Amino acid sequence: TFKALTANTIQAGKATVTVTDNTEGATAQPKTLGDDGKLTPLYEGQTITLTAQTGYKFRTVTAKKGAAAATARTLADATADDLGKIVGADGYIYDTKADAEAVATGNAVAMIAYVDGSHGLAIALADESLTMDWATAKSTCENKTAVGTYTWHLPSKAEWMQMCSANGGSDLSFSGLNTAITNVGGNALISSGEEYYWSSTEDASSTNNAWDFSIVEGWLNSGKSYTDHVRAVLAF
């Protein structure tokens with residue numbers, strides 16, 4: 001935690017503070033202190049840079065070692081024990097949505113929904129805002145802002161089934177996955193019978209069709225021009 005002696009020093013424009021992560025190629029990110037004058041969380045290896053604006057100077061800068069904190073972890077570090085944890089837009093894994101949102105409003109973007117060895121999937125905490133046809137669903141997911149080096153995509157039929165199985169259901173039962181999402185503070189998958197979600201998997205016998213599902217009705221082979229709900233995933 002960084003704490004300014006005078007809480008409004010940074011906000012008043014007398015100085016700026018940036019933080020650089022301990023990852024290759026990381027760039028300094030400007031930070032705003034909280035109302036209590038604190039900047040948190042900070043992790044081992046990060047670099048804090050304080051810059052006094054013209055006409056101002058620091059009387060003193062003191063660094064104090066606080067209680068040991070958990071080491072920052074990214075999706076590259078994820079294990080099966082991280083199932084149900086939150087992925088931040090900053091690329092870090094958090095125990096809860098509240099922990100991620102404490103860093104910045106909107107930082108919590110996904111839940112780790114499947115891990116198998118070094119591979120896994122994190123599902124977005126909310127649907128895209130509109131129903132859309134299959135091609136638009138794919139491009140919308142792919143154009144979402146990347147999380148570190150990981151990019152979003154429309155989940156395949158197999159990936160949907162993996163996430164279902166990993167969250168207490170069979171590969172054809174979405175109730176466990178839906179419960180897991182809502183338990184961490186995400187938006188539930190819509191569960192009425194006529195509401196479907198796209199997968200990226202095309203029908204093997206017709207390029208005009210692709211697989212979609214509803215939580216109530218299960219899987220269906222639909223024309224790509226139909227409009228369905230969309231929930232993106234990150235693969236890692």
# chains A, B, ... in the order shown; residues from 1 in each chain; ligands from 1
>>> residues_around(residues="region 206-210 of chain A", least_positions_apart="4", cutoff="12 Å", atoms="only C-alpha atoms", output="JSON, numbers by chain")
{"A": [133, 134, 135, 137, 138, 156, 157, 197, 198, 199, 200, 201, 202, 219, 220, 221, 222, 223, 224, 225, 226, 227, 228]}
>>> select_by_dssp(residues="region 31-201 of chain A", states="strand (DSSP E or B)", output="ChimeraX atom specification")
/A:31,38-39,47-52,74,86-88,92-94,108-116,119-124,132,147,150,152-153,197-201
>>> atom_distance(atom1="CA of Thr74 (chain A)", atom2="CA of Gln29 (chain A)")
17.6 Å
>>> closest_residue(among="A:Val147, A:Ile181, A:Ala89, A:Ala76", to="Ala126 (chain A)", atoms="only C-alpha atoms")
A:Ile181
>>> closest_residue(among="A:Lys14, A:Lys85, A:His153, A:Lys144", to="Ala52 (chain A)", atoms="only C-alpha atoms")
A:Lys14
>>> select_by_dssp(residues="region 102-170 of chain A", states="helix (DSSP H, G or I)", output="VMD selection string")
chain A and resid 102 to 103 134 to 142 157 to 166
>>> residues_around(residues="Val184 (chain A)", least_positions_apart="5", cutoff="9 Å", atoms="only C-alpha atoms", output="number ranges by chain")
A: 84-86, 96-97, 111, 125, 179
>>> residues_around(residues="region 231-233 of chain A", least_positions_apart="2", cutoff="8 Å", atoms="only C-alpha atoms", output="ChimeraX atom specification")
/A:110,121-124,126-128,141,152-155,197,229,235
>>> atom_distance(atom1="CA of Pro30 (chain A)", atom2="CA of Thr16 (chain A)")
7.4 Å
>>> closest_residue(among="A:Tyr150, A:Trp211, A:Leu83, A:Glu142", to="Asn167 (chain A)", atoms="only C-alpha atoms")
A:Leu83
>>> atom_distance(atom1="CA of Asn178 (chain A)", atom2="CA of Trp160 (chain A)")
11.6 Å
>>> residues_around(residues="Asn107 (chain A)", least_positions_apart="2", cutoff="7 Å", atoms="only C-alpha atoms", output="list in words")
Gly88, Ala89, Asp90, Ala100, Glu101, Val103, Ala104, Thr105 and Val109 of chain A
